[in-house]
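Engineer: If you scroll down you'll find the structure; I have some questions about it.
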Amino acid sequence: MPHPFTVTRSAEGDVSVLALDGYLDAHTAPAFEEAIQAELDAGRVRLVVDGGQLKYISSAGLGVFMGFIEEVRERGGDIKICGLAPRVRQVFDILGFPAIYDVMESREAAIRRFAGPPAAGV
Amino acid sequence: MPHPFTVTRSAEGDVSVLALDGYLDAHTAPAFEEAIQAELDAGRVRLVVDGGQLKYISSAGLGVFMGFIEEVRERGGDIKICGLAPRVRQVFDILGFPAIYDVMESREAAIRRFAGPPAAGV
Amino acid sequence: MGSLERRFSLHVPSATRNLALIREFVTSVGLQAGLGEDDVSKLELAVDEACTNVIEHAHHGDATKDVVVRATFDDHTLRIEVIDSGPGFDPARLPEADLARLTHERRSGGLGFHVMQLLMDEVSYEIVPGQTNRLRMTKKLR
Amino acid sequence: MGSLERRFSLHVPSATRNLALIREFVTSVGLQAGLGEDDVSKLELAVDEACTNVIEHAHHGDATKDVVVRATFDDHTLRIEVIDSGPGFDPARLPEADLARLTHERRSGGLGFHVMQLLMDEVSYEIVPGQTNRLRMTKKLR
Ligand SMILES: Nc1ncnc2c1ncn2[C@@H]1O[C@H](COP(=O)(O)OP(=O)(O)O)[C@@H](O)[C@H]1O
Ligand SMILES: Nc1ncnc2c1ncn2[C@@H]1O[C@H](COP(=O)(O)OP(=O)(O)O)[C@@H](O)[C@H]1O
């Protein structure tokens with residue numbers, strides 16, 4: 001009932017994977033922000049955000065992606081997004097996220113993408 | 001979110017099993033009432049109510065058991081209750097249901113009980 | 001030494017289909033007040049019983065009427081008010097909630113008020129005839 | 001040919017932890033109004049955005065203030081009002097919600113009002129300075 005949200009971190013080489021579970025709104029966005037900040041503080045800028053268990057996102061959640069992407073790319077990394085359920089994906093889509101972020105189906109594809117050429121800047 | 005409730009019927013010989021799933025309150029109690037009435041109309045009075053998937057019960061739900069038990073016993077049958085999760089079981093317990101109804105752990109035990117001697121009337 | 005009071009209220013049409021929302025409302029308040037899961041379940045059930053009575057006995061299924069649930073808490077106490085605009089009744093004159101008797105009489109009710117009393121720390125009822133009736137329930141917070 | 005109007009309202013302390021309850025409230029109303037799951041999700045998000053703005057921009061995290069959400073529907077229209085007691089603002093003067101620009105400026109916001117406009121049929125804002133501001137949103141029912 002209290003619409004919980006958790007971030008679970010794992011790593012594949014120099015790619016950090018943040019798996020989101022639950023409801024990402026203005027109440028829970030700070031937890032996600034801290035998780036990304038912790039990666040950047042550790043010098044890790046190749047980030048995959050796996051939203052496979054994300055049940056809900058509001059613009060406050062999208063704002064976390066927005067606030068970090070420039071810095072991450074300046075430092076030679078990227079934030080790739082994967083696994084979104086249709087209803088959550090729809091929110092990313094109507095706001096134009098796919099034009100700026102790599103939004104992919106699977107976590108594996110997102111991780112693999114870091115082996116390829118760097119993403120274009122915004 | 002709308003706290004659904006369903007009754008699924010099956011039979012083992014002359015014992016009818018009504019499996020309850022979800023939220024049994026004043027809104028959903030009529031569906032349960034109809035399911036029991038349908039058994040009685042069909043002359044079936046050996047009833048096992050399996051509450052294994054019951055997530056919630058209010059006194060309106062308990063009232064369905066109360067309203068039928070005398071008639072069922074007069075007609076030589078019984079309503080046996082099984083499978084309750086602890087939180088639901090607690091409601092039956094504090095209101096004294098175990099003094100009047102057979103409240104058992106497993107569906108199998110409840111069905112088997114019908115082979116034994118008839119339950120004492122209230 | 002009054003601690004900050006948090007206030008919540010919910011107004012819904014007087015219909016049993018709104019009991020689910022009423023339970024979600026009170027569950028959310030209970031969790032915020034710091035109740036454990038077991039106490040939240042008790043609160044949820046007590047408020048459901050109170051609102052079911054309003055819908056059935058005070059408003060007789062007239063969905064143009066409102067059920068109003070107010071909830072407030074501070075560090076010490078969670079207070080619930082359930083307000084109806086029906087004729088009121090006298091809880092002191094309710095017969096004892098005797099399951100064996102009720103069952104014997106084939107009654108499918110008569111336990112609701114008893115449930116509230118079992119689950120809450122205090123239950124009282126204030127009647128203002130022709131205006132509003134207020135069922136008040138409190139739960140102590142540790 | 002007015003059909004029966006159903007009225008609901010929710011008052012909660014102005015804090016983001018109440019967004020979950022606000023979403024449950026509006027989801028319940030949307031389902032009762034007959035919206036499909038997809039439209040209920042849109043309604044839920046639009047109202048979350050409106051209430052997030054109230055909590056953050058109107059009341060600046062002051063949880064002694066109330067967020068009020070009213071919802072009514074008849075056969076044709078679902079209407080939402082989100083009421084705040086902040087200073088108000090002029091939505092007509094908001095810059096365009098341009099994701100590339102916002103991202104470039106490292107803004108982590110600026111999309112909320114745009115989301116409401118994308119998801120609802122009508123969005124308007126009425127300011128009564130120093131008193132209450134009302135964000136009104138409507139969704140047509142089939
Ligand atoms: N809000 C109310 N307004 C009017 N009468 C009520 C109200 N609440 C309870 N009552 C009366 O008290 C009786 C007992 O209520 P209760 O113990 O909750 O059992 P039940 O509702 O199952 O009959 C009801 O049958 C009704 O006559
Ligand atoms: N209820 C409100 N009261 C006062 N100002 C508001 C309100 N809602 C929105 N605003 C103002 O409008 C701006 C844009 O809002 P919005 O598009 O929802 O984006 P965000 O909230 O993410 O900044 C806010 O930054 C704020 O200045």
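The way I read the labels, and the way they are meant: chains A, B, ... in the order of the structure tokens, residue 1 as the first residue of every chain, and ligand 1 as the first ligand shown, with later ones counted on from there.
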With only C-alpha atoms and all ligand atoms counted, collect every polymer residue having an atom within 8 Å of ligand 2; state the result as an NGL selection string.
Structural biologist: (:A and (59-60 or 63)) or (:D and (49-59 or 84 or 86-91 or 94 or 97 or 108-115 or 133 or 135))
Engineer: From a backbone DSSP assignment, name each residue in segment 84-133 of chain D labelled strand (DSSP E or B), as a list in words.
Structural biologist: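 Residues of segment 84-133 of chain D classed as strand (DSSP E or B): Asp84, Glu122, Val123, Ser124, Tyr125, Glu126, Ile127 and Asn133 of chain D.
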Engineer: Any idea which chain B residues end up within 12 Å of chain C if we count only C-alpha atoms, as a VMD selection string please?
Structural biologist: chain B and resid 1 to 5 22 to 30 33 55 to 74 86 to 88 90 to 101 121 to 122
Engineer: Take the residues just selected and output them with N, CA and C atoms as a compact mmCIF listing (two decimals), in the first residue's frame.
Structural biologist:
```txt
# COMPACT_ATOMS: atom_id res chain seq x y z
N MET B 1 -6.65 -2.86 -7.12
CA MET B 1 -7.11 -1.72 -6.31
C MET B 1 -8.58 -1.83 -5.91
N PRO B 2 -9.44 -2.44 -6.78
CA PRO B 2 -10.83 -2.50 -6.35
C PRO B 2 -11.10 -3.70 -5.44
N HIS B 3 -10.06 -4.28 -4.86
CA HIS B 3 -10.24 -5.36 -3.88
C HIS B 3 -11.23 -6.41 -4.36
N PRO B 4 -10.83 -7.17 -5.38
CA PRO B 4 -11.73 -8.16 -5.99
C PRO B 4 -12.00 -9.36 -5.09
N PHE B 5 -13.05 -10.07 -5.43
CA PHE B 5 -13.42 -11.28 -4.69
C PHE B 5 -14.00 -12.27 -5.68
N GLY B 22 -9.54 -13.31 -2.38
CA GLY B 22 -9.64 -11.85 -2.36
C GLY B 22 -10.24 -11.27 -1.09
N TYR B 23 -11.11 -10.31 -1.29
CA TYR B 23 -11.59 -9.46 -0.19
C TYR B 23 -13.08 -9.70 0.02
N LEU B 24 -13.43 -10.21 1.17
CA LEU B 24 -14.84 -10.50 1.47
C LEU B 24 -15.38 -9.45 2.45
N ASP B 25 -16.12 -8.50 1.91
CA ASP B 25 -16.68 -7.42 2.74
C ASP B 25 -18.15 -7.25 2.39
N ALA B 26 -18.76 -6.16 2.85
CA ALA B 26 -20.19 -5.97 2.60
C ALA B 26 -20.48 -5.82 1.11
N HIS B 27 -19.48 -5.44 0.33
CA HIS B 27 -19.69 -5.30 -1.10
C HIS B 27 -19.68 -6.65 -1.81
N THR B 28 -18.83 -7.54 -1.35
CA THR B 28 -18.66 -8.82 -2.06
C THR B 28 -19.42 -9.97 -1.39
N ALA B 29 -19.91 -9.78 -0.16
CA ALA B 29 -20.61 -10.86 0.54
C ALA B 29 -21.78 -11.44 -0.27
N PRO B 30 -22.54 -10.60 -1.01
CA PRO B 30 -23.65 -11.19 -1.77
C PRO B 30 -23.21 -12.27 -2.76
N GLU B 33 -22.82 -15.37 -0.77
CA GLU B 33 -24.15 -15.82 -0.37
C GLU B 33 -24.81 -16.60 -1.50
N LYS B 55 -7.89 -12.67 1.49
CA LYS B 55 -6.96 -11.68 2.02
C LYS B 55 -7.58 -10.82 3.11
N TYR B 56 -8.88 -10.82 3.16
CA TYR B 56 -9.55 -9.91 4.09
C TYR B 56 -10.97 -10.40 4.32
N ILE B 57 -11.44 -10.29 5.55
CA ILE B 57 -12.85 -10.56 5.82
C ILE B 57 -13.36 -9.58 6.87
N SER B 58 -14.57 -9.07 6.66
CA SER B 58 -15.21 -8.23 7.67
C SER B 58 -16.42 -9.01 8.19
N SER B 59 -17.12 -8.41 9.16
CA SER B 59 -18.25 -9.14 9.75
C SER B 59 -19.34 -9.41 8.73
N ALA B 60 -19.38 -8.61 7.67
CA ALA B 60 -20.36 -8.88 6.61
C ALA B 60 -20.07 -10.22 5.93
N GLY B 61 -18.80 -10.57 5.82
CA GLY B 61 -18.42 -11.86 5.27
C GLY B 61 -18.72 -12.99 6.25
N LEU B 62 -18.43 -12.76 7.51
CA LEU B 62 -18.73 -13.76 8.54
C LEU B 62 -20.24 -14.01 8.61
N GLY B 63 -21.01 -12.95 8.34
CA GLY B 63 -22.46 -13.06 8.39
C GLY B 63 -23.00 -14.10 7.41
N VAL B 64 -22.31 -14.31 6.30
CA VAL B 64 -22.77 -15.30 5.34
C VAL B 64 -22.70 -16.70 5.96
N PHE B 65 -21.61 -16.97 6.67
CA PHE B 65 -21.50 -18.26 7.37
C PHE B 65 -22.62 -18.39 8.41
N MET B 66 -22.85 -17.28 9.14
CA MET B 66 -23.84 -17.31 10.21
C MET B 66 -25.25 -17.56 9.70
N GLY B 67 -25.56 -16.93 8.56
CA GLY B 67 -26.93 -17.00 8.06
C GLY B 67 -27.35 -18.37 7.57
N PHE B 68 -26.36 -19.18 7.18
CA PHE B 68 -26.70 -20.47 6.56
C PHE B 68 -26.52 -21.70 7.46
N ILE B 69 -25.73 -21.57 8.52
CA ILE B 69 -25.29 -22.80 9.19
C ILE B 69 -26.44 -23.61 9.78
N GLU B 70 -27.44 -22.94 10.35
CA GLU B 70 -28.56 -23.69 10.95
C GLU B 70 -29.29 -24.52 9.89
N GLU B 71 -29.62 -23.88 8.79
CA GLU B 71 -30.35 -24.59 7.73
C GLU B 71 -29.53 -25.77 7.21
N VAL B 72 -28.25 -25.53 7.01
CA VAL B 72 -27.39 -26.59 6.48
C VAL B 72 -27.34 -27.77 7.44
N ARG B 73 -27.24 -27.48 8.72
CA ARG B 73 -27.16 -28.58 9.69
C ARG B 73 -28.51 -29.29 9.85
N GLU B 74 -29.59 -28.54 9.80
CA GLU B 74 -30.91 -29.17 9.85
C GLU B 74 -31.09 -30.15 8.71
N PRO B 86 -3.22 -16.44 8.67
CA PRO B 86 -3.28 -16.00 10.07
C PRO B 86 -4.11 -14.74 10.31
N ARG B 87 -3.94 -13.73 9.44
CA ARG B 87 -4.66 -12.47 9.69
C ARG B 87 -6.17 -12.65 9.56
N VAL B 88 -6.58 -13.48 8.63
CA VAL B 88 -8.02 -13.73 8.44
C VAL B 88 -8.54 -14.64 9.56
N GLN B 90 -7.53 -14.82 12.49
CA GLN B 90 -7.66 -14.03 13.72
C GLN B 90 -9.07 -13.44 13.87
N VAL B 91 -9.65 -13.02 12.77
CA VAL B 91 -10.99 -12.42 12.82
C VAL B 91 -12.01 -13.49 13.22
N PHE B 92 -11.90 -14.66 12.62
CA PHE B 92 -12.78 -15.77 13.00
C PHE B 92 -12.61 -16.09 14.49
N ASP B 93 -11.35 -16.08 14.94
CA ASP B 93 -11.06 -16.48 16.32
C ASP B 93 -11.62 -15.51 17.34
N ILE B 94 -11.37 -14.20 17.13
CA ILE B 94 -11.80 -13.25 18.17
C ILE B 94 -13.32 -13.19 18.28
N LEU B 95 -14.01 -13.60 17.20
CA LEU B 95 -15.47 -13.57 17.26
C LEU B 95 -16.07 -14.91 17.69
N GLY B 96 -15.19 -15.86 18.02
CA GLY B 96 -15.68 -17.12 18.58
C GLY B 96 -16.17 -18.14 17.57
N PHE B 97 -15.79 -17.99 16.32
CA PHE B 97 -16.24 -18.95 15.31
C PHE B 97 -15.83 -20.40 15.58
N PRO B 98 -14.60 -20.63 16.07
CA PRO B 98 -14.21 -22.03 16.27
C PRO B 98 -15.11 -22.80 17.24
N ALA B 99 -15.88 -22.10 18.09
CA ALA B 99 -16.80 -22.79 18.99
C ALA B 99 -18.00 -23.36 18.24
N ILE B 100 -18.29 -22.81 17.10
CA ILE B 100 -19.52 -23.16 16.38
C ILE B 100 -19.23 -23.84 15.04
N TYR B 101 -18.10 -23.47 14.44
CA TYR B 101 -17.74 -24.02 13.13
C TYR B 101 -16.48 -24.85 13.25
N GLY B 121 -24.79 -29.96 16.75
CA GLY B 121 -25.51 -28.72 16.44
C GLY B 121 -25.07 -27.61 17.37
N VAL B 122 -25.44 -26.37 17.05
CA VAL B 122 -25.02 -25.24 17.93
C VAL B 122 -25.94 -25.16 19.14
```
Engineer: Give me the residues near Thr72 of chain C as a ChimeraX atom specification, where near means some atom within 9 Å (using only C-alpha atoms) and where sequence neighbours in that chain fewer than 4 positions away do not count.
Structural biologist: /C:5-9,29,33,77-81
Engineer: Set the distance at 7 Å and use only C-alpha atoms: which residues neighbour Leu20 of chain A once local chain neighbours fewer than 4 positions away are removed? I'd like the list as a list of chain:residue names.
Structural biologist: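 Non-adjacent residues within range: A:Thr6, A:Val7, A:Thr8, A:Asp50, A:Gly51, A:Gln53, A:Leu54.
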Engineer: Of the residues C:Val67, C:Leu35, C:Ala92, C:Leu43, which is the one nearest to chain D, using only C-alpha atoms?
Structural biologist: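 Ranking C:Val67, C:Leu35, C:Ala92, C:Leu43 by distance to chain D, first place goes to C:Val67.
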